[in-house]
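J.: Got a file for you: work-v1.cif, mmCIF, C-alpha atoms.
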data_upload
#
loop_
_atom_site.label_atom_id
_atom_site.label_comp_id
_atom_site.auth_asym_id
_atom_site.auth_seq_id
_atom_site.Cartn_x
_atom_site.Cartn_y
_atom_site.Cartn_z
CA MET A 688 15.91 -17.61 -0.06
CA SER A 689 18.86 -15.38 0.71
CA GLY A 690 18.81 -11.69 1.45
CA ASP A 691 20.34 -11.06 -1.97
CA ASP A 692 17.25 -12.61 -3.54
CA LEU A 693 14.88 -10.40 -1.52
CA ILE A 694 16.56 -7.01 -1.45
CA PRO A 695 17.52 -5.18 -4.65
CA PRO A 696 21.11 -3.92 -4.76
CA SER A 697 21.81 -0.26 -4.17
CA PRO A 698 21.96 1.74 -7.38
CA LYS A 699 25.40 2.40 -8.83
CA TYR A 700 26.48 5.77 -10.13
CA ASP A 701 29.42 6.90 -12.19
CA PRO A 702 31.86 8.34 -9.63
CA ASP A 703 33.34 10.59 -12.31
CA ALA A 704 30.00 12.01 -13.43
CA ALA A 705 29.12 15.55 -12.43
CA PRO A 706 26.37 15.71 -9.79
CA PRO A 707 23.06 17.23 -10.84
CA PRO A 708 22.84 20.94 -10.09
CA ASP A 709 21.37 22.10 -6.82
CA ASP A 710 17.69 22.98 -7.08
CA ALA A 711 17.68 26.59 -5.97
CA ALA A 712 14.00 26.94 -6.88
CA LEU A 713 12.99 24.18 -4.44
CA PHE A 714 14.79 25.73 -1.50
CA ALA A 715 13.56 29.23 -2.37
CA GLU A 716 10.01 28.13 -1.55
CA ASN A 717 8.59 29.95 1.49
CA GLU A 718 5.11 28.38 1.67
CA PRO A 719 4.45 24.61 1.75
CA PHE A 720 0.92 24.36 0.36
CA GLN A 721 1.69 25.74 -3.08
CA LEU A 722 4.63 23.36 -3.29
CA PHE A 723 2.38 20.46 -2.23
CA GLU A 724 -0.16 21.40 -4.90
CA ARG A 725 2.53 21.49 -7.59
CA TRP A 726 4.04 18.15 -6.59
CA PHE A 727 0.63 16.51 -6.24
CA LYS A 728 -0.40 17.76 -9.69
CA GLU A 729 2.69 16.12 -11.16
CA ALA A 730 1.96 12.92 -9.24
CA LYS A 731 -1.58 12.76 -10.63
CA GLU A 732 -0.14 13.03 -14.14
CA LYS A 733 2.66 10.47 -13.72
CA GLU A 734 1.88 8.05 -10.88
CA PRO A 735 0.19 5.02 -12.50
CA ARG A 736 -2.20 4.22 -9.65
CA ASP A 737 -3.61 5.97 -6.58
CA PRO A 738 -1.38 9.06 -6.40
CA ASN A 739 -3.45 10.02 -3.33
CA ALA A 740 -2.47 6.86 -1.41
CA MET A 741 -0.74 7.71 1.84
CA ALA A 742 0.55 5.93 4.92
CA LEU A 743 -1.26 7.07 8.07
CA SER A 744 0.53 6.59 11.39
CA THR A 745 -1.21 6.66 14.78
CA VAL A 746 -0.34 5.43 18.28
CA ASP A 747 -2.29 2.88 20.33
CA ALA A 748 -3.05 2.92 24.07
CA GLN A 749 0.22 1.09 24.83
CA GLY A 750 2.27 3.63 22.91
CA PHE A 751 2.95 1.34 19.95
CA PRO A 752 2.90 3.05 16.55
CA ASP A 753 0.40 1.75 14.01
CA VAL A 754 0.49 2.46 10.28
CA ARG A 755 -1.72 1.64 7.30
CA MET A 756 -2.51 2.97 3.83
CA VAL A 757 -5.50 5.28 3.36
CA LEU A 758 -6.58 7.65 0.60
CA LEU A 759 -6.19 11.41 0.73
CA LYS A 760 -9.56 12.91 -0.22
CA ALA A 761 -8.98 16.66 0.15
CA ALA A 762 -6.02 18.96 0.73
CA ASP A 763 -5.90 22.70 1.25
CA ARG A 764 -4.42 25.22 3.66
CA GLN A 765 -6.63 23.83 6.43
CA GLY A 766 -5.10 20.38 6.18
CA PHE A 767 -5.27 16.88 4.71
CA VAL A 768 -8.56 14.96 4.82
CA PHE A 769 -9.28 11.23 4.90
CA TYR A 770 -12.33 9.16 5.90
CA THR A 771 -12.77 6.01 7.95
CA ASN A 772 -14.89 4.09 10.40
CA ALA A 773 -14.52 5.84 13.78
CA GLU A 774 -14.91 2.45 15.50
CA SER A 775 -11.91 1.00 13.65
CA ALA A 776 -8.47 0.70 15.24
CA LYS A 777 -7.31 3.98 13.74
CA GLY A 778 -10.56 5.70 14.69
CA ARG A 779 -10.21 4.63 18.31
CA GLN A 780 -6.56 5.62 18.37
CA LEU A 781 -7.33 9.07 16.99
CA GLU A 782 -10.08 9.51 19.56
CA ALA A 783 -7.59 8.83 22.35
CA ASN A 784 -4.69 10.77 20.82
CA ALA A 785 -5.61 13.35 18.21
CA ARG A 786 -2.15 13.45 16.62
CA ALA A 787 -1.01 11.65 13.50
CA ALA A 788 1.49 11.57 10.66
CA ILE A 789 1.13 10.80 6.96
CA VAL A 790 3.53 10.01 4.15
CA LEU A 791 2.82 10.26 0.43
CA TYR A 792 5.44 8.52 -1.73
CA TRP A 793 5.52 8.69 -5.51
CA LYS A 794 7.91 6.13 -6.95
CA SER A 795 7.44 7.46 -10.48
CA LEU A 796 8.80 10.84 -9.34
CA ASN A 797 11.22 9.66 -6.64
CA ARG A 798 9.59 12.06 -4.20
CA GLN A 799 7.84 11.89 -0.88
CA ILE A 800 6.02 14.30 1.44
CA ARG A 801 5.84 13.74 5.20
CA VAL A 802 3.28 15.55 7.34
CA ARG A 803 2.76 15.59 11.12
CA GLY A 804 0.05 17.43 12.97
CA ILE A 805 -3.16 17.58 14.94
CA ILE A 806 -6.35 15.73 14.02
CA GLU A 807 -9.85 17.22 13.96
CA GLN A 808 -13.09 15.80 12.61
CA VAL A 809 -14.56 17.38 9.50
CA SER A 810 -18.09 18.74 9.71
CA ASP A 811 -21.09 16.45 9.26
CA ALA A 812 -22.01 18.39 6.12
CA GLU A 813 -18.58 17.78 4.60
CA ALA A 814 -18.66 14.09 5.52
CA ASP A 815 -22.21 13.69 4.17
CA ALA A 816 -21.28 15.31 0.87
CA TYR A 817 -18.26 13.08 0.35
CA PHE A 818 -20.13 9.94 1.43
CA GLN A 819 -22.83 10.52 -1.17
CA SER A 820 -20.17 10.90 -3.87
CA ARG A 821 -19.00 7.32 -3.26
CA ASP A 822 -20.13 4.32 -5.27
CA ARG A 823 -23.33 2.79 -3.86
CA GLY A 824 -21.50 -0.46 -3.11
CA ALA A 825 -18.94 1.42 -1.04
CA ARG A 826 -21.73 3.17 0.88
CA LEU A 827 -23.35 -0.17 1.67
CA GLY A 828 -19.96 -1.53 2.65
CA ALA A 829 -19.52 1.25 5.18
CA TRP A 830 -22.67 -0.01 6.93
CA ALA A 831 -21.79 -3.69 6.62
CA SER A 832 -18.16 -3.65 7.75
CA GLU A 833 -17.47 -3.73 11.47
CA GLN A 834 -13.99 -2.51 10.65
CA SER A 835 -10.99 -3.96 12.53
CA ARG A 836 -13.15 -6.49 14.41
CA PRO A 837 -12.96 -10.27 13.90
CA LEU A 838 -14.78 -11.63 10.82
CA PRO A 839 -15.70 -15.34 10.95
CA ASP A 840 -15.67 -15.78 7.16
CA ARG A 841 -16.35 -13.94 3.89
CA LEU A 842 -19.93 -15.19 3.83
CA ALA A 843 -20.72 -13.27 7.03
CA LEU A 844 -19.63 -10.02 5.39
CA GLU A 845 -21.56 -10.73 2.20
CA LYS A 846 -24.65 -11.52 4.26
CA ARG A 847 -24.42 -8.14 6.03
CA ILE A 848 -24.01 -6.35 2.69
CA ALA A 849 -27.13 -8.10 1.37
CA GLU A 850 -29.06 -7.12 4.51
CA PHE A 851 -28.25 -3.43 4.10
CA ALA A 852 -28.90 -3.57 0.35
CA LEU A 853 -32.37 -4.91 1.15
CA LYS A 854 -32.89 -2.31 3.89
CA TYR A 855 -32.13 0.66 1.65
CA GLY A 856 -33.50 -0.79 -1.59
CA VAL A 857 -33.02 1.65 -4.45
CA GLY A 858 -33.23 4.70 -2.18
CA GLU A 859 -30.48 6.87 -0.74
CA VAL A 860 -27.92 5.20 1.50
CA PRO A 861 -27.28 7.63 4.38
CA ARG A 862 -23.92 8.05 6.03
CA PRO A 863 -23.50 5.94 9.18
CA THR A 864 -22.80 8.10 12.24
CA HIS A 865 -19.67 6.03 12.89
CA TRP A 866 -18.24 6.82 9.42
CA ARG A 867 -16.40 10.12 9.66
CA GLY A 868 -13.86 12.39 8.06
CA TYR A 869 -10.66 13.51 9.71
CA ARG A 870 -8.47 16.49 8.91
CA LEU A 871 -4.78 16.49 9.76
CA LYS A 872 -3.84 20.10 10.49
CA PRO A 873 -0.12 20.20 9.79
CA LEU A 874 2.58 21.41 12.14
CA ALA A 875 5.39 20.03 9.98
CA ILE A 876 5.60 19.31 6.24
CA GLU A 877 8.77 17.85 4.77
CA PHE A 878 9.51 17.57 1.05
CA TRP A 879 12.03 14.89 0.02
CA ARG A 880 13.49 14.18 -3.37
CA ASP A 881 15.87 11.45 -4.47
CA ARG A 882 19.43 12.36 -5.42
CA PRO A 883 22.44 10.18 -6.37
CA PHE A 884 24.50 8.48 -3.66
CA ARG A 885 21.63 8.92 -1.16
CA LEU A 886 22.46 12.65 -0.93
CA HIS A 887 18.80 13.58 -1.14
CA ASP A 888 17.11 16.97 -1.04
CA ARG A 889 15.09 17.67 2.12
CA LEU A 890 13.11 20.84 2.82
CA VAL A 891 10.99 21.07 5.97
CA PHE A 892 8.42 23.64 7.06
CA THR A 893 7.43 23.80 10.74
CA ARG A 894 5.17 25.89 12.98
CA ASP A 895 4.08 25.79 16.61
CA GLU A 896 0.33 25.69 15.99
CA PRO A 897 -2.16 25.71 13.10
CA GLY A 898 -2.45 29.17 11.60
CA ALA A 899 0.98 30.32 12.77
CA GLU A 900 3.72 31.45 10.40
CA TRP A 901 5.91 28.77 8.88
CA SER A 902 9.64 28.43 9.45
CA LYS A 903 11.69 26.48 6.97
CA ALA A 904 14.99 24.64 7.01
CA ARG A 905 17.09 22.61 4.66
CA LEU A 906 18.10 19.28 6.20
CA TYR A 907 21.06 16.99 5.74
CA PRO A 908 20.04 13.83 3.83
#
With the file now loaded, output its structure as C-alpha coordinates.
T.:
Amino acid sequence: MSGDDLIPPSPKYDPDAAPPPDDAALFAENEPFQLFERWFKEAKEKEPRDPNAMALSTVDAQGFPDVRMVLLKAADRQGFVFYTNAESAKGRQLEANARAAIVLYWKSLNRQIRVRGIIEQVSDAEADAYFQSRDRGARLGAWASEQSRPLPDRLALEKRIAEFALKYGVGEVPRPTHWRGYRLKPLAIEFWRDRPFRLHDRLVFTRDEPGAEWSKARLYP
(Lines of atoms letter the chains of each structure in order from A and count residues from 1; the text may use other names and numbers.)
(Lines give C-alpha, C1' and ligand atoms only; values in the text may rest on other atoms or scores of the structure.)
Protein backbone atom coordinates (compact mmCIF):
# COMPACT_ATOMS: atom_id res chain seq x y z
CA MET A 1 0.00 0.00 0.00
CA SER A 2 1.46 3.33 -1.01
CA GLY A 3 1.52 6.52 1.00
CA ASP A 4 -1.11 7.95 -1.34
CA ASP A 5 -3.47 5.18 -0.23
CA LEU A 6 -2.89 5.89 3.46
CA ILE A 7 -2.74 9.67 3.70
CA PRO A 8 -5.59 11.88 2.45
CA PRO A 9 -4.52 14.70 0.14
CA SER A 10 -4.30 18.22 1.48
CA PRO A 11 -7.50 20.19 0.94
CA LYS A 12 -7.60 22.48 -2.08
CA TYR A 13 -8.93 26.01 -1.95
CA ASP A 14 -9.87 28.49 -4.62
CA PRO A 15 -6.84 30.81 -4.84
CA ASP A 16 -9.08 33.60 -6.10
CA ALA A 17 -11.60 33.30 -3.28
CA ALA A 18 -11.60 35.95 -0.57
CA PRO A 19 -10.28 34.65 2.76
CA PRO A 20 -12.74 34.45 5.65
CA PRO A 21 -12.75 37.57 7.80
CA ASP A 22 -10.52 37.74 10.84
CA ASP A 23 -12.30 36.76 14.04
CA ALA A 24 -11.88 39.88 16.14
CA ALA A 25 -14.17 38.47 18.83
CA LEU A 26 -11.89 35.45 19.39
CA PHE A 27 -8.77 37.54 19.87
CA ALA A 28 -10.61 40.06 22.07
CA GLU A 29 -11.04 37.37 24.72
CA ASN A 30 -9.10 38.15 27.92
CA GLU A 31 -10.02 35.11 30.03
CA PRO A 32 -9.58 31.47 28.89
CA PHE A 33 -12.15 29.63 31.00
CA GLN A 34 -15.21 31.36 29.59
CA LEU A 35 -13.90 30.69 26.10
CA PHE A 36 -13.32 27.02 27.01
CA GLU A 37 -16.87 26.74 28.34
CA ARG A 38 -18.31 28.23 25.15
CA TRP A 39 -16.27 25.97 22.86
CA PHE A 40 -16.99 22.89 24.96
CA LYS A 41 -20.73 23.65 24.92
CA GLU A 42 -20.62 23.75 21.12
CA ALA A 43 -18.64 20.51 21.04
CA LYS A 44 -21.23 18.74 23.20
CA GLU A 45 -23.91 19.82 20.73
CA LYS A 46 -22.05 18.89 17.54
CA GLU A 47 -19.37 16.28 18.23
CA PRO A 48 -21.00 12.88 17.53
CA ARG A 49 -19.18 10.91 20.23
CA ASP A 50 -17.21 11.64 23.41
CA PRO A 51 -16.69 15.41 23.12
CA ASN A 52 -14.85 15.12 26.45
CA ALA A 53 -12.22 12.73 25.04
CA MET A 54 -8.73 14.17 25.40
CA ALA A 55 -5.15 13.08 24.84
CA LEU A 56 -3.16 13.08 28.09
CA SER A 57 0.62 13.37 27.83
CA THR A 58 3.03 12.45 30.63
CA VAL A 59 6.75 11.64 30.83
CA ASP A 60 8.29 8.37 32.07
CA ALA A 61 11.39 7.88 34.22
CA GLN A 62 13.63 7.80 31.12
CA GLY A 63 12.25 11.10 29.86
CA PHE A 64 10.19 9.54 27.06
CA PRO A 65 6.80 11.17 26.47
CA ASP A 66 3.75 8.95 26.82
CA VAL A 67 0.27 9.78 25.53
CA ARG A 68 -3.15 8.13 25.68
CA MET A 69 -6.83 9.07 25.47
CA VAL A 70 -8.78 9.69 28.69
CA LEU A 71 -12.08 11.38 29.47
CA LEU A 72 -12.42 14.85 30.93
CA LYS A 73 -14.82 14.60 33.88
CA ALA A 74 -14.87 18.15 35.27
CA ALA A 75 -13.58 21.55 34.20
CA ASP A 76 -13.67 24.87 36.01
CA ARG A 77 -11.33 27.69 36.97
CA GLN A 78 -9.42 25.29 39.23
CA GLY A 79 -8.50 23.00 36.36
CA PHE A 80 -9.34 19.92 34.31
CA VAL A 81 -10.18 16.65 36.09
CA PHE A 82 -9.78 13.03 35.00
CA TYR A 83 -9.70 9.71 36.90
CA THR A 84 -7.49 6.66 36.66
CA ASN A 85 -5.75 3.85 38.49
CA ALA A 86 -2.83 5.41 40.38
CA GLU A 87 -0.86 2.17 39.86
CA SER A 88 -1.16 2.42 36.07
CA ALA A 89 1.65 3.73 33.87
CA LYS A 90 0.20 7.23 33.82
CA GLY A 91 -0.46 7.14 37.55
CA ARG A 92 3.14 6.21 38.29
CA GLN A 93 4.43 8.82 35.87
CA LEU A 94 2.32 11.54 37.47
CA GLU A 95 3.53 10.50 40.90
CA ALA A 96 7.13 10.97 39.77
CA ASN A 97 6.54 14.13 37.73
CA ALA A 98 3.39 16.07 38.54
CA ARG A 99 3.25 17.88 35.19
CA ALA A 100 1.14 16.98 32.20
CA ALA A 101 -0.49 18.23 29.01
CA ILE A 102 -3.86 17.55 27.43
CA VAL A 103 -5.37 18.12 24.01
CA LEU A 104 -9.07 18.17 23.15
CA TYR A 105 -9.75 17.99 19.40
CA TRP A 106 -13.20 18.34 17.86
CA LYS A 107 -13.18 17.30 14.22
CA SER A 108 -16.78 18.39 13.73
CA LEU A 109 -15.78 21.96 14.65
CA ASN A 110 -12.21 21.97 13.32
CA ARG A 111 -11.00 23.19 16.70
CA GLN A 112 -8.61 22.05 19.38
CA ILE A 113 -7.59 23.19 22.86
CA ARG A 114 -4.15 22.45 24.30
CA VAL A 115 -3.47 22.73 28.03
CA ARG A 116 -0.24 22.35 30.01
CA GLY A 117 0.12 22.58 33.75
CA ILE A 118 0.66 21.09 37.17
CA ILE A 119 -1.10 17.98 38.48
CA GLU A 120 -2.73 17.62 41.89
CA GLN A 121 -4.96 14.88 43.26
CA VAL A 122 -8.61 15.70 43.85
CA SER A 123 -9.98 15.20 47.35
CA ASP A 124 -11.16 11.77 48.51
CA ALA A 125 -14.69 13.17 48.81
CA GLU A 126 -14.67 14.34 45.20
CA ALA A 127 -13.25 11.04 43.97
CA ASP A 128 -15.77 9.05 46.04
CA ALA A 129 -18.69 11.05 44.67
CA TYR A 130 -17.65 10.56 41.07
CA PHE A 131 -16.86 6.87 41.57
CA GLN A 132 -20.36 6.20 42.90
CA SER A 133 -21.86 7.92 39.85
CA ARG A 134 -20.27 5.32 37.57
CA ASP A 135 -22.05 2.23 36.28
CA ARG A 136 -21.74 -0.70 38.69
CA GLY A 137 -19.84 -2.71 36.08
CA ALA A 138 -17.27 0.07 35.76
CA ARG A 139 -16.88 0.19 39.55
CA LEU A 140 -16.23 -3.55 39.66
CA GLY A 141 -13.83 -3.17 36.76
CA ALA A 142 -11.81 -0.63 38.71
CA TRP A 143 -11.21 -3.31 41.35
CA ALA A 144 -10.56 -6.11 38.87
CA SER A 145 -8.16 -4.39 36.48
CA GLU A 146 -4.49 -4.29 37.43
CA GLN A 147 -4.11 -1.52 34.89
CA SER A 148 -1.02 -1.44 32.64
CA ARG A 149 0.28 -4.78 33.98
CA PRO A 150 0.50 -7.98 31.91
CA LEU A 151 -2.78 -9.90 31.46
CA PRO A 152 -2.41 -13.61 30.57
CA ASP A 153 -5.77 -13.81 28.79
CA ARG A 154 -9.30 -12.38 28.80
CA LEU A 155 -10.52 -15.18 31.05
CA ALA A 156 -8.22 -14.02 33.86
CA LEU A 157 -9.83 -10.57 33.79
CA GLU A 158 -13.36 -11.98 33.68
CA LYS A 159 -12.53 -14.24 36.62
CA ARG A 160 -11.39 -11.24 38.69
CA ILE A 161 -14.55 -9.33 37.80
CA ALA A 162 -16.66 -12.30 38.93
CA GLU A 163 -14.70 -12.50 42.20
CA PHE A 164 -15.36 -8.86 43.06
CA ALA A 165 -19.00 -9.13 41.96
CA LEU A 166 -19.38 -11.99 44.43
CA LYS A 167 -17.51 -10.09 47.14
CA TYR A 168 -19.74 -7.02 46.97
CA GLY A 169 -22.98 -8.81 46.06
CA VAL A 170 -25.79 -6.31 45.60
CA GLY A 171 -24.30 -3.83 48.08
CA GLU A 172 -22.30 -0.68 47.48
CA VAL A 173 -19.00 -1.02 45.62
CA PRO A 174 -16.54 1.30 47.40
CA ARG A 175 -13.81 3.20 45.61
CA PRO A 176 -10.45 1.40 45.62
CA THR A 177 -7.75 3.50 47.31
CA HIS A 178 -5.63 3.15 44.17
CA TRP A 179 -8.37 4.68 41.96
CA ARG A 180 -7.98 8.45 42.10
CA GLY A 181 -8.84 11.72 40.46
CA TYR A 182 -6.30 14.16 39.10
CA ARG A 183 -6.68 17.86 38.39
CA LEU A 184 -4.50 19.59 35.82
CA LYS A 185 -4.06 23.17 37.01
CA PRO A 186 -3.29 25.07 33.82
CA LEU A 187 -0.32 27.32 33.20
CA ALA A 188 -0.99 27.54 29.47
CA ILE A 189 -4.19 27.17 27.44
CA GLU A 190 -4.09 27.48 23.66
CA PHE A 191 -7.15 27.75 21.42
CA TRP A 192 -6.69 26.65 17.79
CA ARG A 193 -9.10 26.88 14.91
CA ASP A 194 -8.74 25.66 11.34
CA ARG A 195 -8.40 28.21 8.55
CA PRO A 196 -7.77 27.77 4.79
CA PHE A 197 -4.23 27.15 3.51
CA ARG A 198 -3.13 26.06 7.01
CA LEU A 199 -3.21 29.71 8.13
CA HIS A 200 -4.95 28.78 11.36
CA ASP A 201 -6.05 30.95 14.27
CA ARG A 202 -4.06 30.45 17.49
CA LEU A 203 -4.69 32.26 20.77
CA VAL A 204 -2.67 31.31 23.85
CA PHE A 205 -3.07 32.29 27.50
CA THR A 206 -0.13 31.80 29.87
CA ARG A 207 0.71 32.45 33.53
CA ASP A 208 3.61 31.68 35.84
CA GLU A 209 1.63 29.83 38.51
CA PRO A 210 -1.95 28.78 39.29
CA GLY A 211 -4.00 31.74 40.47
CA ALA A 212 -1.80 34.34 38.76
CA GLU A 213 -3.10 36.75 36.13
CA TRP A 214 -3.22 35.51 32.56
CA SER A 215 -1.21 36.97 29.68
CA LYS A 216 -2.38 36.35 26.16
CA ALA A 217 -0.78 36.31 22.73
CA ARG A 218 -1.78 35.64 19.18
CA LEU A 219 0.54 33.13 17.52
CA TYR A 220 1.62 32.56 13.95
CA PRO A 221 0.01 29.38 12.55
J.: Go ahead and find all residues with at least one atom no further than 7 Å from (5.0, 8.5, -14.6) in the file's coordinates, using only C-alpha atoms; report them as a ChimeraX atom specification.
T.: /A:732-735,795-796
J.: So which one's closest to A:Arg801, A:Arg880, A:Lys728, A:Lys699, A:Arg826? Using all atoms listed in the file, please.
T.: A:Arg880
J.: Could you tell me which residues the PyMOL selection byres ((chain A and resi 760) around 8) returns for this structure, as a list in words?
T.: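 Here the PyMOL selection byres ((chain A and resi 760) around 8) matches Asn739, Leu758, Leu759, Ala761, Ala762, Phe767, Val768, Phe769 and Tyr770 of chain A.
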J.: For stretch 897-906 of chain A, please output as a ChimeraX atom specification all residues within 8 Å (counting only C-alpha atoms; exclusion window: fewer than 6 positions along the same chain).
T.: /A:714,717-718,872-874,888-891
J.: So how far away is atom CA of A:Ile789 from atom CA of A:Leu871, in Å?
T.: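 Atom CA of A:Ile789 lies at a distance of 8.7 Å from atom CA of A:Leu871.
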J.: In Å, rounded to a single decimal, give me how far atom CA of A:His887 is from atom CA of A:Pro908.
T.: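 Separation of atom CA of A:Pro908 and atom CA of A:His887: 5.1 Å.
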J.: As an exercise, work out the distance from atom CA of A:Phe720 to atom CA of A:Asp763 in Å and give it to one decimal place.
T.: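 Taking atom CA of A:Phe720 and atom CA of A:Asp763, their separation equals 7.1 Å.
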J.: Of the candidates A:Glu845, A:Arg862, A:Leu743, A:Val802, which shows the shortest atom-to-atom distance to A:Gly778, using all atoms listed in the file?
T.: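 Distance minimum relative to A:Gly778 lands on A:Leu743.
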J.: Would you write out, as a short mmCIF file (atom, residue, chain, number, x, y, z; two decimals) with C-alpha atoms, keeping the file's coordinate frame, every residue that the PyMOL selection byres ((chain A and resi 757) around 6) captures in this file?
T.:
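Contents of part-v8.cif, freshly written:
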data_model
loop_
_atom_site.label_atom_id
_atom_site.label_comp_id
_atom_site.auth_asym_id
_atom_site.auth_seq_id
_atom_site.Cartn_x
_atom_site.Cartn_y
_atom_site.Cartn_z
CA ALA A 740 -2.47 6.86 -1.41
CA MET A 741 -0.74 7.71 1.84
CA MET A 756 -2.51 2.97 3.83
CA LEU A 758 -6.58 7.65 0.60
#
J.: Would you please work out which residue, of A:Ile876, A:Ala776, A:Ile694, A:Leu713, is nearest to A:Ile800 when using all atoms listed in the file?
T.: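 Looking at the shortest contact to A:Ile800, the residue is A:Ile876.
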J.: In terms of the shortest atom-to-atom distance over all atoms listed in the file, which of A:Gly824, A:Pro883, A:Pro719, A:Pro752 is closest to A:Arg786?
T.: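 Nearest candidate to A:Arg786 out of A:Gly824, A:Pro883, A:Pro719, A:Pro752: A:Pro752.
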